[in-house]
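final.cif (mmCIF, C-alpha atoms and all ligand atoms)
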```cif
data_model
#
loop_
_atom_site.group_PDB
_atom_site.id
_atom_site.type_symbol
_atom_site.label_atom_id
_atom_site.label_comp_id
_atom_site.auth_asym_id
_atom_site.auth_seq_id
_atom_site.Cartn_x
_atom_site.Cartn_y
_atom_site.Cartn_z
ATOM 1 C CA MET C 3 87.507 85.981 170.371
ATOM 2 C CA ASN C 4 89.360 83.061 168.839
ATOM 3 C CA ASN C 5 93.089 82.827 169.373
ATOM 4 C CA ASN C 6 93.559 79.952 166.963
ATOM 5 C CA PHE C 7 93.307 82.014 163.794
ATOM 6 C CA GLY C 8 95.398 81.024 160.782
ATOM 7 C CA ILE C 9 95.766 80.820 157.020
ATOM 8 C CA ALA C 10 97.071 78.359 154.423
ATOM 9 C CA ILE C 11 97.686 78.968 150.717
ATOM 10 C CA HIS C 12 98.645 76.947 147.663
ATOM 11 C CA GLY C 13 100.135 77.925 144.332
ATOM 12 C CA GLY C 14 99.381 74.689 142.498
ATOM 13 C CA ALA C 15 100.245 70.992 142.738
ATOM 14 C CA GLY C 16 101.949 68.810 140.140
ATOM 15 C CA THR C 17 105.194 67.325 138.925
ATOM 16 C CA ILE C 18 107.454 69.769 140.674
ATOM 17 C CA LEU C 19 110.849 68.116 140.854
ATOM 18 C CA ARG C 20 113.781 69.392 142.871
ATOM 19 C CA GLU C 21 116.246 68.701 140.086
ATOM 20 C CA LYS C 22 114.195 70.707 137.582
ATOM 21 C CA LEU C 23 113.536 73.771 139.698
ATOM 22 C CA SER C 24 116.442 76.202 139.440
ATOM 23 C CA PRO C 25 117.586 77.815 142.710
ATOM 24 C CA LYS C 26 116.601 81.197 141.301
ATOM 25 C CA LEU C 27 113.076 80.146 140.448
ATOM 26 C CA GLU C 28 112.698 78.307 143.724
ATOM 27 C CA GLN C 29 113.706 81.451 145.553
ATOM 28 C CA GLN C 30 111.153 83.480 143.539
ATOM 29 C CA PHE C 31 108.404 81.045 144.454
ATOM 30 C CA ARG C 32 109.281 81.018 148.126
ATOM 31 C CA ALA C 33 109.352 84.830 148.154
ATOM 32 C CA ALA C 34 105.972 85.129 146.403
ATOM 33 C CA LEU C 35 104.363 82.568 148.727
ATOM 34 C CA THR C 36 105.826 84.371 151.746
ATOM 35 C CA LEU C 37 104.452 87.715 150.598
ATOM 36 C CA SER C 38 101.040 86.227 149.861
ATOM 37 C CA ILE C 39 100.630 84.489 153.205
ATOM 38 C CA SER C 40 102.076 87.405 155.181
ATOM 39 C CA ASN C 41 99.505 89.770 153.653
ATOM 40 C CA GLY C 42 96.689 87.404 154.596
ATOM 41 C CA TYR C 43 98.045 86.698 158.074
ATOM 42 C CA LYS C 44 98.433 90.387 158.883
ATOM 43 C CA ILE C 45 94.743 90.957 158.178
ATOM 44 C CA LEU C 46 93.807 88.140 160.560
ATOM 45 C CA GLN C 47 96.223 89.331 163.221
ATOM 46 C CA ASP C 48 94.691 92.804 163.085
ATOM 47 C CA GLY C 49 91.233 91.311 163.638
ATOM 48 C CA GLY C 50 90.171 91.378 159.963
ATOM 49 C CA SER C 51 87.895 88.796 158.355
ATOM 50 C CA SER C 52 88.916 85.467 156.861
ATOM 51 C CA LEU C 53 87.279 86.591 153.589
ATOM 52 C CA ASP C 54 89.542 89.640 153.421
ATOM 53 C CA ALA C 55 92.553 87.493 154.307
ATOM 54 C CA VAL C 56 92.017 84.886 151.579
ATOM 55 C CA GLN C 57 91.298 87.581 149.019
ATOM 56 C CA ALA C 58 94.453 89.539 149.901
ATOM 57 C CA ALA C 59 96.607 86.409 149.748
ATOM 58 C CA ILE C 60 95.211 85.458 146.346
ATOM 59 C CA ILE C 61 95.618 88.917 144.823
ATOM 60 C CA VAL C 62 99.398 88.685 145.384
ATOM 61 C CA MET C 63 99.510 85.420 143.428
ATOM 62 C CA GLU C 64 97.106 86.615 140.701
ATOM 63 C CA ASN C 65 99.386 89.593 140.085
ATOM 64 C CA SER C 66 102.484 87.419 139.791
ATOM 65 C CA GLU C 67 103.524 85.744 136.530
ATOM 66 C CA LEU C 68 104.665 82.722 138.486
ATOM 67 C CA PHE C 69 101.227 81.274 139.151
ATOM 68 C CA ASN C 70 98.483 80.009 136.881
ATOM 69 C CA ALA C 71 95.910 82.612 137.898
ATOM 70 C CA GLY C 72 95.345 86.207 136.787
ATOM 71 C CA LYS C 73 98.492 87.547 135.103
ATOM 72 C CA GLY C 74 100.162 84.133 134.709
ATOM 73 C CA ALA C 75 97.092 82.223 133.453
ATOM 74 C CA VAL C 76 97.720 79.384 131.003
ATOM 75 C CA PHE C 77 96.425 79.271 127.407
ATOM 76 C CA THR C 78 93.554 77.297 125.920
ATOM 77 C CA HIS C 79 94.092 75.270 122.744
ATOM 78 C CA ASP C 80 92.689 78.287 120.876
ATOM 79 C CA GLU C 81 95.371 80.517 122.372
ATOM 80 C CA THR C 82 93.101 82.507 124.657
ATOM 81 C CA ASN C 83 93.214 82.884 128.449
ATOM 82 C CA GLU C 84 89.993 81.946 130.263
ATOM 83 C CA MET C 85 89.951 82.256 134.012
ATOM 84 C CA ASP C 86 87.916 80.703 136.828
ATOM 85 C CA SER C 87 87.500 81.840 140.445
ATOM 86 C CA SER C 88 85.434 81.274 143.563
ATOM 87 C CA ILE C 89 85.127 82.376 147.173
ATOM 88 C CA MET C 90 82.991 81.095 150.048
ATOM 89 C CA CYS C 91 82.065 82.373 153.492
ATOM 90 C CA GLY C 92 81.849 79.648 156.151
ATOM 91 C CA LYS C 93 79.585 81.659 158.423
ATOM 92 C CA THR C 94 76.693 82.181 156.001
ATOM 93 C CA LEU C 95 77.542 79.664 153.236
ATOM 94 C CA ALA C 96 77.345 82.616 150.846
ATOM 95 C CA CYS C 97 79.559 82.202 147.818
ATOM 96 C CA GLY C 98 80.477 83.786 144.515
ATOM 97 C CA CYS C 99 82.157 82.370 141.416
ATOM 98 C CA GLY C 100 83.241 83.424 137.962
ATOM 99 C CA THR C 101 84.125 81.427 134.885
ATOM 100 C CA LEU C 102 85.266 82.057 131.298
ATOM 101 C CA LEU C 103 86.662 85.429 132.398
ATOM 102 C CA LYS C 104 88.928 87.009 129.801
ATOM 103 C CA HIS C 105 89.343 90.642 130.778
ATOM 104 C CA ILE C 106 89.064 90.861 134.554
ATOM 105 C CA LYS C 107 92.440 91.599 136.119
ATOM 106 C CA ASN C 108 91.687 89.959 139.466
ATOM 107 C CA PRO C 109 89.175 87.117 139.138
ATOM 108 C CA ILE C 110 89.047 86.710 142.927
ATOM 109 C CA ILE C 111 87.700 90.245 143.383
ATOM 110 C CA PHE C 112 85.100 89.356 140.789
ATOM 111 C CA ALA C 113 84.019 86.273 142.774
ATOM 112 C CA ARG C 114 83.758 88.333 145.962
ATOM 113 C CA THR C 115 81.662 90.935 144.149
ATOM 114 C CA VAL C 116 79.282 88.263 142.834
ATOM 115 C CA MET C 117 78.934 86.962 146.383
ATOM 116 C CA GLU C 118 78.269 90.352 147.918
ATOM 117 C CA LYS C 119 76.607 92.383 145.191
ATOM 118 C CA SER C 120 74.400 89.933 143.327
ATOM 119 C CA GLU C 121 71.755 87.395 144.165
ATOM 120 C CA HIS C 122 73.589 84.773 142.132
ATOM 121 C CA VAL C 123 76.409 82.344 142.814
ATOM 122 C CA LEU C 124 78.078 81.868 139.416
ATOM 123 C CA LEU C 125 78.400 84.272 136.506
ATOM 124 C CA ALA C 126 80.097 83.343 133.235
ATOM 125 C CA SER C 127 81.664 84.927 130.180
ATOM 126 C CA ASP C 128 80.122 88.104 128.697
ATOM 127 C CA GLY C 129 77.507 88.445 131.428
ATOM 128 C CA ALA C 130 80.221 88.166 134.048
ATOM 129 C CA GLU C 131 82.290 90.853 132.384
ATOM 130 C CA GLN C 132 79.319 93.163 132.049
ATOM 131 C CA PHE C 133 78.686 92.702 135.788
ATOM 132 C CA ALA C 134 82.361 93.434 136.514
ATOM 133 C CA LYS C 135 82.174 96.707 134.570
ATOM 134 C CA LEU C 136 79.000 97.677 136.387
ATOM 135 C CA HIS C 137 80.892 97.341 139.657
ATOM 136 C CA ASN C 138 83.981 99.164 138.378
ATOM 137 C CA LEU C 139 86.351 96.209 138.617
ATOM 138 C CA GLU C 140 89.641 96.595 136.806
ATOM 139 C CA ILE C 141 89.302 95.459 133.194
ATOM 140 C CA VAL C 142 92.366 94.705 131.060
ATOM 141 C CA GLU C 143 93.057 93.791 127.446
ATOM 142 C CA PRO C 144 93.690 90.069 126.763
ATOM 143 C CA LYS C 145 97.351 90.906 126.056
ATOM 144 C CA TYR C 146 97.819 91.588 129.782
ATOM 145 C CA PHE C 147 97.561 87.798 130.316
ATOM 146 C CA HIS C 148 99.809 86.947 127.368
ATOM 147 C CA THR C 149 103.095 85.887 128.956
ATOM 148 C CA LYS C 150 105.985 84.407 126.989
ATOM 149 C CA ARG C 151 106.390 81.464 129.335
ATOM 150 C CA ARG C 152 102.772 80.323 129.035
ATOM 151 C CA TRP C 153 102.799 80.850 125.281
ATOM 152 C CA PHE C 154 105.873 78.701 124.917
ATOM 153 C CA GLN C 155 104.313 76.073 127.168
ATOM 154 C CA LEU C 156 101.263 75.828 124.900
ATOM 155 C CA GLN C 157 103.422 75.508 121.773
ATOM 156 C CA VAL C 158 105.361 72.642 123.342
ATOM 157 C CA VAL C 159 102.161 70.787 124.239
ATOM 158 C CA LYS C 160 100.734 71.313 120.766
ATOM 159 C CA GLU C 161 103.943 70.071 119.144
ATOM 160 C CA ASN C 162 103.802 67.021 121.340
ATOM 161 C CA GLU C 163 100.188 66.479 120.432
ATOM 162 C CA LYS C 164 101.077 66.449 116.727
ATOM 163 C CA GLU C 165 103.764 63.861 117.290
ATOM 164 C CA THR C 166 101.651 61.546 119.403
ATOM 165 C CA GLU C 167 98.381 62.303 117.597
ATOM 166 C CA THR C 168 96.595 62.535 120.949
ATOM 167 C CA THR C 169 94.909 65.449 122.569
ATOM 168 C CA ARG C 170 95.909 66.213 126.076
ATOM 169 C CA THR C 171 95.467 68.957 128.574
ATOM 170 C CA ILE C 172 98.186 69.375 131.125
ATOM 171 C CA LEU C 173 98.445 70.771 134.583
ATOM 172 C CA ASP C 174 100.403 73.932 133.997
ATOM 173 C CA HIS C 175 103.415 72.690 135.903
ATOM 174 C CA ASP C 176 103.512 69.082 134.761
ATOM 175 C CA GLY C 177 106.721 68.158 133.065
ATOM 176 C CA ASP C 178 108.125 71.647 133.031
ATOM 177 C CA ASN C 179 109.021 73.498 136.093
ATOM 178 C CA SER C 180 108.942 76.907 134.518
ATOM 179 C CA LYS C 181 105.137 76.703 134.571
ATOM 180 C CA HIS C 182 103.101 76.759 137.687
ATOM 181 C CA GLY C 183 99.760 76.492 139.324
ATOM 182 C CA THR C 184 96.357 77.500 140.311
ATOM 183 C CA VAL C 185 96.175 79.433 143.557
ATOM 184 C CA GLY C 186 94.028 79.041 146.643
ATOM 185 C CA ALA C 187 93.700 80.185 150.231
ATOM 186 C CA VAL C 188 91.779 79.076 153.328
ATOM 187 C CA ALA C 189 91.580 80.985 156.603
ATOM 188 C CA LEU C 190 90.082 81.120 160.076
ATOM 189 C CA ASP C 191 89.691 84.543 161.674
ATOM 190 C CA LYS C 192 89.543 85.690 165.285
ATOM 191 C CA ASP C 193 85.734 85.657 165.179
ATOM 192 C CA GLY C 194 85.811 81.944 164.367
ATOM 193 C CA ASN C 195 84.737 82.438 160.749
ATOM 194 C CA LEU C 196 86.187 80.270 157.984
ATOM 195 C CA ALA C 197 86.638 81.254 154.322
ATOM 196 C CA ALA C 198 88.020 79.567 151.210
ATOM 197 C CA ALA C 199 88.970 80.944 147.803
ATOM 198 C CA THR C 200 90.514 79.619 144.576
ATOM 199 C CA SER C 201 91.606 81.259 141.318
ATOM 200 C CA SER C 202 92.872 79.559 138.157
ATOM 201 C CA GLY C 203 93.671 79.806 134.480
ATOM 202 C CA GLY C 204 92.651 76.134 134.251
ATOM 203 C CA MET C 205 94.778 73.651 132.320
ATOM 204 C CA THR C 206 97.117 74.310 129.400
ATOM 205 C CA ASN C 207 95.629 73.320 126.045
ATOM 206 C CA LYS C 208 92.120 72.945 127.482
ATOM 207 C CA ARG C 209 89.299 73.272 124.945
ATOM 208 C CA PHE C 210 87.969 76.794 124.803
ATOM 209 C CA ASN C 211 85.053 77.226 127.222
ATOM 210 C CA ARG C 212 86.167 74.220 129.282
ATOM 211 C CA ILE C 213 85.260 74.925 132.898
ATOM 212 C CA GLY C 214 87.265 73.330 135.696
ATOM 213 C CA ASP C 215 86.707 72.609 139.373
ATOM 214 C CA THR C 216 87.807 76.065 140.540
ATOM 215 C CA PRO C 217 84.490 77.900 140.047
ATOM 216 C CA MET C 218 82.438 74.927 141.238
ATOM 217 C CA ILE C 219 81.422 75.234 144.855
ATOM 218 C CA GLY C 220 81.918 71.876 146.523
ATOM 219 C CA ALA C 221 84.488 70.655 143.992
ATOM 220 C CA GLY C 222 87.295 73.249 144.093
ATOM 221 C CA THR C 223 86.228 75.403 147.023
ATOM 222 C CA TYR C 224 84.115 74.974 150.141
ATOM 223 C CA ALA C 225 83.775 76.578 153.577
ATOM 224 C CA ASP C 226 81.452 75.883 156.504
ATOM 225 C CA ASN C 227 82.070 77.184 160.018
ATOM 226 C CA ALA C 228 80.789 73.866 161.395
ATOM 227 C CA THR C 229 83.639 71.927 159.773
ATOM 228 C CA CYS C 230 86.389 73.418 157.604
ATOM 229 C CA ALA C 231 87.457 75.504 154.610
ATOM 230 C CA VAL C 232 89.036 73.792 151.566
ATOM 231 C CA SER C 233 90.699 74.772 148.275
ATOM 232 C CA THR C 234 91.862 72.183 145.731
ATOM 233 C CA THR C 235 94.461 72.135 142.965
ATOM 234 C CA GLY C 236 95.243 69.548 140.322
ATOM 235 C CA HIS C 237 93.368 67.866 137.505
ATOM 236 C CA GLY C 238 89.990 69.540 137.930
ATOM 237 C CA GLU C 239 87.823 66.928 136.248
ATOM 238 C CA TYR C 240 88.643 64.476 139.050
ATOM 239 C CA PHE C 241 87.799 66.964 141.806
ATOM 240 C CA MET C 242 84.492 67.606 140.045
ATOM 241 C CA ARG C 243 83.719 63.891 139.910
ATOM 242 C CA LEU C 244 84.497 63.480 143.597
ATOM 243 C CA VAL C 245 83.094 66.843 144.774
ATOM 244 C CA THR C 246 86.258 66.876 146.850
ATOM 245 C CA ALA C 247 86.020 70.092 148.860
ATOM 246 C CA LYS C 248 82.494 69.354 150.131
ATOM 247 C CA ASP C 249 83.423 65.708 150.615
ATOM 248 C CA ILE C 250 86.099 66.698 153.139
ATOM 249 C CA SER C 251 83.553 68.773 155.038
ATOM 250 C CA ASP C 252 81.030 65.897 154.877
ATOM 251 C CA MET C 253 83.534 63.334 156.116
ATOM 252 C CA MET C 254 84.065 65.565 159.132
ATOM 253 C CA SER C 255 80.379 65.974 159.886
ATOM 254 C CA TYR C 256 78.996 62.551 158.963
ATOM 255 C CA LYS C 257 81.947 60.290 159.686
ATOM 256 C CA ASN C 258 83.348 62.331 162.522
ATOM 257 C CA LEU C 259 86.807 62.331 160.968
ATOM 258 C CA ASP C 260 89.220 65.072 161.989
ATOM 259 C CA LEU C 261 90.578 67.481 159.377
ATOM 260 C CA ILE C 262 93.814 65.596 158.807
ATOM 261 C CA ASP C 263 92.127 62.232 158.259
ATOM 262 C CA ALA C 264 89.320 63.649 156.120
ATOM 263 C CA SER C 265 91.828 65.435 153.850
ATOM 264 C CA LYS C 266 94.002 62.330 153.539
ATOM 265 C CA GLU C 267 90.950 60.251 152.705
ATOM 266 C CA ALA C 268 90.020 62.731 149.965
ATOM 267 C CA ILE C 269 93.472 62.299 148.409
ATOM 268 C CA SER C 270 93.121 58.488 148.582
ATOM 269 C CA LYS C 271 89.825 58.769 146.728
ATOM 270 C CA LEU C 272 91.539 60.959 144.127
ATOM 271 C CA SER C 273 94.338 58.430 143.661
ATOM 272 C CA ALA C 274 91.827 55.581 143.397
ATOM 273 C CA ILE C 275 90.395 57.076 140.185
ATOM 274 C CA ASP C 276 93.851 58.148 138.884
ATOM 275 C CA GLY C 277 93.387 61.839 139.585
ATOM 276 C CA SER C 278 96.299 63.991 140.650
ATOM 277 C CA GLY C 279 96.568 67.029 142.863
ATOM 278 C CA GLY C 280 96.400 68.328 146.385
ATOM 279 C CA VAL C 281 94.204 70.211 148.818
ATOM 280 C CA ILE C 282 94.684 72.791 151.532
ATOM 281 C CA ALA C 283 92.243 72.873 154.425
ATOM 282 C CA ILE C 284 91.801 74.546 157.800
ATOM 283 C CA ASP C 285 89.257 73.634 160.461
ATOM 284 C CA LYS C 286 87.314 75.641 163.004
ATOM 285 C CA ASP C 287 90.078 75.085 165.594
ATOM 286 C CA GLY C 288 92.837 76.344 163.315
ATOM 287 C CA ASN C 289 94.314 72.935 162.399
ATOM 288 C CA ILE C 290 95.786 72.894 158.900
ATOM 289 C CA ALA C 291 96.123 69.986 156.411
ATOM 290 C CA MET C 292 97.899 70.141 153.034
ATOM 291 C CA PRO C 293 98.074 66.609 151.557
ATOM 292 C CA MET C 294 98.789 65.791 147.895
ATOM 293 C CA ASN C 295 99.524 62.792 145.666
ATOM 294 C CA THR C 296 101.905 64.729 143.397
ATOM 295 C CA PRO C 297 105.669 65.242 143.831
ATOM 296 C CA GLY C 298 105.029 68.807 144.918
ATOM 297 C CA MET C 299 102.618 71.571 145.747
ATOM 298 C CA TYR C 300 103.565 75.205 146.288
ATOM 299 C CA ARG C 301 102.147 75.925 149.706
ATOM 300 C CA ALA C 302 102.480 77.922 152.883
ATOM 301 C CA SER C 303 100.807 78.141 156.265
ATOM 302 C CA PHE C 304 100.864 80.503 159.201
ATOM 303 C CA SER C 305 98.731 80.057 162.271
ATOM 304 C CA ALA C 306 98.602 81.509 165.751
ATOM 305 C CA ASN C 307 98.906 77.874 166.977
ATOM 306 C CA ASP C 308 102.199 77.243 165.188
ATOM 307 C CA LYS C 309 103.491 80.803 165.461
ATOM 308 C CA GLU C 310 105.767 80.159 162.520
ATOM 309 C CA LEU C 311 105.385 80.920 158.859
ATOM 310 C CA SER C 312 106.099 77.785 156.853
ATOM 311 C CA VAL C 313 106.697 77.669 153.083
ATOM 312 C CA LYS C 314 107.038 74.327 151.298
ATOM 313 C CA ILE C 315 107.265 73.073 147.735
ATOM 314 C CA PHE C 316 108.228 69.385 147.568
ATOM 315 C CA VAL C 317 106.126 66.546 148.975
ATOM 316 C CA GLU C 318 108.825 65.334 151.369
ATOM 317 C CA GLU C 319 109.376 68.747 152.978
HETATM 318 N N1 LIG J 401 92.267 72.583 139.100
HETATM 319 C C1 LIG J 401 92.603 73.416 137.980
HETATM 320 C C2 LIG J 401 91.719 73.032 136.817
HETATM 321 O O1 LIG J 401 91.545 71.873 136.546
HETATM 322 C C3 LIG J 401 94.053 73.307 137.565
HETATM 323 C C4 LIG J 401 95.098 73.386 138.668
HETATM 324 O O2 LIG J 401 94.762 73.274 139.831
HETATM 325 O O3 LIG J 401 96.287 73.580 138.358
HETATM 326 O O4 LIG J 401 91.235 73.908 136.147
#
```

Written form, structure tokens:
Amino acid sequence: MNNNFGIAIHGGAGTILREKLSPKLEQQFRAALTLSISNGYKILQDGGSSLDAVQAAIIVMENSELFNAGKGAVFTHDETNEMDSSIMCGKTLACGCGTLLKHIKNPIIFARTVMEKSEHVLLASDGAEQFAKLHNLEIVEPKYFHTKRRWFQLQVVKENEKETETTRTILDHDGDNSKHGTVGAVALDKDGNLAAATSSGGMTNKRFNRIGDTPMIGAGTYADNATCAVSTTGHGEYFMRLVTAKDISDMMSYKNLDLIDASKEAISKLSAIDGSGGVIAIDKDGNIAMPMNTPGMYRASFSANDKELSVKIFVEE
């Protein structure tokens, strides 16, 4: 029995500035992060698995309009919502991922189902949705994901694009604090098993069928009981180029770095190629790291080591 169990979550990293986040919205974020991490922590405390804990934490954020996952997913350039998700078990290295999901209410449940009920790792688009129906997952109409805030956000980016005659995708929160991020969770349970999970709507104004780092094992999500569990958030193309989540695990096993140093090193590598974002990670001893190179990342942690639930938004907190 492991007494160092714990969980960390993120709700996206980006240009989250104190002066732009209204007290009301800040309070809503802190409350949602608290609910998410408390649900996950309770499962661990009761002896439940890290997989159940990360899934429970993510479902809270997928069902909230505040985060860019599930209900609050951002729009593609073509004004559709296309979601990505992944989950990984550190004990067996089993994993499941989904991409180009348009009708599945909780993409994280989909990823878990792929992991446990199929012989595959990644299912996409129509085939993914057919598999979801086969396993009686909750299916919703696209309008479920159509929120005013995200719609407005896309229109602003498109307007901007016209003026500057350049195409750009943006992190959902960049430059406007009414729009916020991808969600992720990492946990260590009492049996010493690690798990990681990530769920995202991707980036605002992305090309349709663009796939980000979230459903890519090794880039956006990774877990191995021998090292750590990691979930990333930020500009996905950079995490894909660096294979960031697996890189943190590799730096621990091959370079003998501890979790804190390996995570920091991953962020330095991200900065070196002008990528932006953050990671959350937990190791087999329950240590937690949450570095970023952005002004903020919605995040929370709760471990038996620290005994205190901590919720943070800004980098200097
Ligand atoms: N990493 C996500 C993506 O590129 C976006 C985010 O984390 O906000 O799809």

Nearby residues (only C-alpha atoms) at most 12 Å from C:Ala225, same-chain spacing under 5 positions excluded, as a PyMOL selection string
chain C and resi 52-53+56+88-97+187-190+195-200+219-220+230-233+247-252+282-286

Find, counting all atoms listed in the file, the residue in C:Asp215, C:Asp287, C:Asp54, C:Glu84 that gets nearest to C:Ala71.
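Answer, going by the shortest atom-to-atom distance: C:Glu84.
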
Between C:Ser120, C:Ser303, C:Gln30, C:Thr78, single out the one closest to ligand LIG 401 (chain J), counting only C-alpha atoms and all ligand atoms.
C:Thr78

Within 8 Å of C:Gln155 using all atoms listed in the file, minus same-chain residues under 3 positions, as number ranges by chain
C: 151-152, 158-159, 181, 206

To verify the selection step, state as a short mmCIF file (atom, residue, chain, number, x, y, z; two decimals) with C-alpha atoms, keeping the file's coordinate frame which residues the PyMOL selection byres (((chain C and resi 63) around 12) and not hetatm) yields on this input.
```cif
data_model
loop_
_atom_site.label_atom_id
_atom_site.label_comp_id
_atom_site.auth_asym_id
_atom_site.auth_seq_id
_atom_site.Cartn_x
_atom_site.Cartn_y
_atom_site.Cartn_z
CA ILE C 11 97.69 78.97 150.72
CA HIS C 12 98.64 76.95 147.66
CA GLY C 13 100.14 77.92 144.33
CA GLY C 14 99.38 74.69 142.50
CA GLN C 30 111.15 83.48 143.54
CA PHE C 31 108.40 81.04 144.45
CA ARG C 32 109.28 81.02 148.13
CA ALA C 33 109.35 84.83 148.15
CA ALA C 34 105.97 85.13 146.40
CA LEU C 35 104.36 82.57 148.73
CA THR C 36 105.83 84.37 151.75
CA LEU C 37 104.45 87.72 150.60
CA SER C 38 101.04 86.23 149.86
CA ILE C 39 100.63 84.49 153.21
CA ASN C 41 99.50 89.77 153.65
CA GLY C 42 96.69 87.40 154.60
CA VAL C 56 92.02 84.89 151.58
CA GLN C 57 91.30 87.58 149.02
CA ALA C 58 94.45 89.54 149.90
CA ALA C 59 96.61 86.41 149.75
CA ILE C 60 95.21 85.46 146.35
CA ILE C 61 95.62 88.92 144.82
CA VAL C 62 99.40 88.68 145.38
CA GLU C 64 97.11 86.62 140.70
CA ASN C 65 99.39 89.59 140.08
CA SER C 66 102.48 87.42 139.79
CA GLU C 67 103.52 85.74 136.53
CA LEU C 68 104.66 82.72 138.49
CA PHE C 69 101.23 81.27 139.15
CA ASN C 70 98.48 80.01 136.88
CA ALA C 71 95.91 82.61 137.90
CA GLY C 72 95.34 86.21 136.79
CA LYS C 73 98.49 87.55 135.10
CA GLY C 74 100.16 84.13 134.71
CA ALA C 75 97.09 82.22 133.45
CA LYS C 107 92.44 91.60 136.12
CA ASN C 108 91.69 89.96 139.47
CA PRO C 109 89.18 87.12 139.14
CA ILE C 110 89.05 86.71 142.93
CA HIS C 182 103.10 76.76 137.69
CA GLY C 183 99.76 76.49 139.32
CA THR C 184 96.36 77.50 140.31
CA VAL C 185 96.18 79.43 143.56
CA GLY C 186 94.03 79.04 146.64
CA ALA C 187 93.70 80.18 150.23
CA THR C 200 90.51 79.62 144.58
CA SER C 201 91.61 81.26 141.32
CA SER C 202 92.87 79.56 138.16
CA TYR C 300 103.56 75.20 146.29
CA ARG C 301 102.15 75.92 149.71
#
```

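Among C:Ala15, C:Leu124, C:Ala134, C:Val317, the residue with the shortest atom-to-atom distance to ligand LIG 401 (chain J), counting all atoms listed in the file, is C:Ala15.
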
I need every residue sitting at most 12 Å from the point (83.5, 95.8, 135.2) (coordinates as in the file, all atoms listed in the file considered), written as a list in words.
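Final list of nearby residues, as requested, is Leu103, Lys104, His105, Ile106, Lys107, Asn108, Pro109, Ile111, Phe112, Thr115, Val116, Asp128, Gly129, Ala130, Glu131, Gln132, Phe133, Ala134, Lys135, Leu136, His137, Asn138, Leu139, Glu140, Ile141 and Val142 of chain C.
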
Mind giving me the axis-aligned box for stretch 250-266 of chain C with 6 Å on every side, centre plus edges in Å to one decimal, as JSON?
```
{"center_x": 86.5, "center_y": 64.5, "center_z": 157.8, "size_x": 27.0, "size_y": 20.5, "size_z": 21.4}
```

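Nearest residue to ligand LIG 401 (chain J) among C:Ala10, C:Ile269, C:Met218, C:Leu23 is C:Met218, counting only C-alpha atoms and all ligand atoms.
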
Please determine, counting only C-alpha atoms and all ligand atoms, which residue among C:Glu165, C:Glu81, C:Asp86, C:Asp226 has the shortest atom-to-atom distance to ligand LIG 401 (chain J).
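Of C:Glu165, C:Glu81, C:Asp86, C:Asp226, the one nearest ligand LIG 401 (chain J), counting only C-alpha atoms and all ligand atoms, is C:Asp86.
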
Fewer than 5 positions away in the same chain doesn't count, so skip those; otherwise give me all residues within 7 Å of C:Phe241, counting all atoms listed in the file, as a ChimeraX atom specification.
/C:215,221-222,246

Under the rule that all atoms listed in the file are counted, which of C:Asn289, C:Asn211, C:Ser270, C:Thr216 is the nearest residue to ligand LIG 401 (chain J)?
C:Thr216

Explicit residues for the PyMOL selection byres (((chain C and resi 79) around 12) and not hetatm) (as a PDB file with C-alpha atoms, keeping the file's coordinate frame):
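Written file, expr.pdb:
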```
ATOM      1  CA  VAL C  76      97.720  79.384 131.003  1.00  0.00           C
ATOM      2  CA  PHE C  77      96.425  79.271 127.407  1.00  0.00           C
ATOM      3  CA  THR C  78      93.554  77.297 125.920  1.00  0.00           C
ATOM      4  CA  ASP C  80      92.689  78.287 120.876  1.00  0.00           C
ATOM      5  CA  GLU C  81      95.371  80.517 122.372  1.00  0.00           C
ATOM      6  CA  THR C  82      93.101  82.507 124.657  1.00  0.00           C
ATOM      7  CA  ASN C  83      93.214  82.884 128.449  1.00  0.00           C
ATOM      8  CA  GLU C  84      89.993  81.946 130.263  1.00  0.00           C
ATOM      9  CA  ARG C 152     102.772  80.323 129.035  1.00  0.00           C
ATOM     10  CA  TRP C 153     102.799  80.850 125.281  1.00  0.00           C
ATOM     11  CA  GLN C 155     104.313  76.073 127.168  1.00  0.00           C
ATOM     12  CA  LEU C 156     101.263  75.828 124.900  1.00  0.00           C
ATOM     13  CA  GLN C 157     103.422  75.508 121.773  1.00  0.00           C
ATOM     14  CA  VAL C 158     105.361  72.642 123.342  1.00  0.00           C
ATOM     15  CA  VAL C 159     102.161  70.787 124.239  1.00  0.00           C
ATOM     16  CA  LYS C 160     100.734  71.313 120.766  1.00  0.00           C
ATOM     17  CA  GLU C 161     103.943  70.071 119.144  1.00  0.00           C
ATOM     18  CA  GLU C 163     100.188  66.479 120.432  1.00  0.00           C
ATOM     19  CA  THR C 169      94.909  65.449 122.569  1.00  0.00           C
ATOM     20  CA  ARG C 170      95.909  66.213 126.076  1.00  0.00           C
ATOM     21  CA  THR C 171      95.467  68.957 128.574  1.00  0.00           C
ATOM     22  CA  ILE C 172      98.186  69.375 131.125  1.00  0.00           C
ATOM     23  CA  GLY C 204      92.651  76.134 134.251  1.00  0.00           C
ATOM     24  CA  MET C 205      94.778  73.651 132.320  1.00  0.00           C
ATOM     25  CA  THR C 206      97.117  74.310 129.400  1.00  0.00           C
ATOM     26  CA  ASN C 207      95.629  73.320 126.045  1.00  0.00           C
ATOM     27  CA  LYS C 208      92.120  72.945 127.482  1.00  0.00           C
ATOM     28  CA  ARG C 209      89.299  73.272 124.945  1.00  0.00           C
ATOM     29  CA  PHE C 210      87.969  76.794 124.803  1.00  0.00           C
ATOM     30  CA  ASN C 211      85.053  77.226 127.222  1.00  0.00           C
ATOM     31  CA  ARG C 212      86.167  74.220 129.282  1.00  0.00           C
TER      32      ARG C 212
END
```

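Put simply, atom CA of C:Ile290 is 16.9 Å away from atom CA of C:Ser255.
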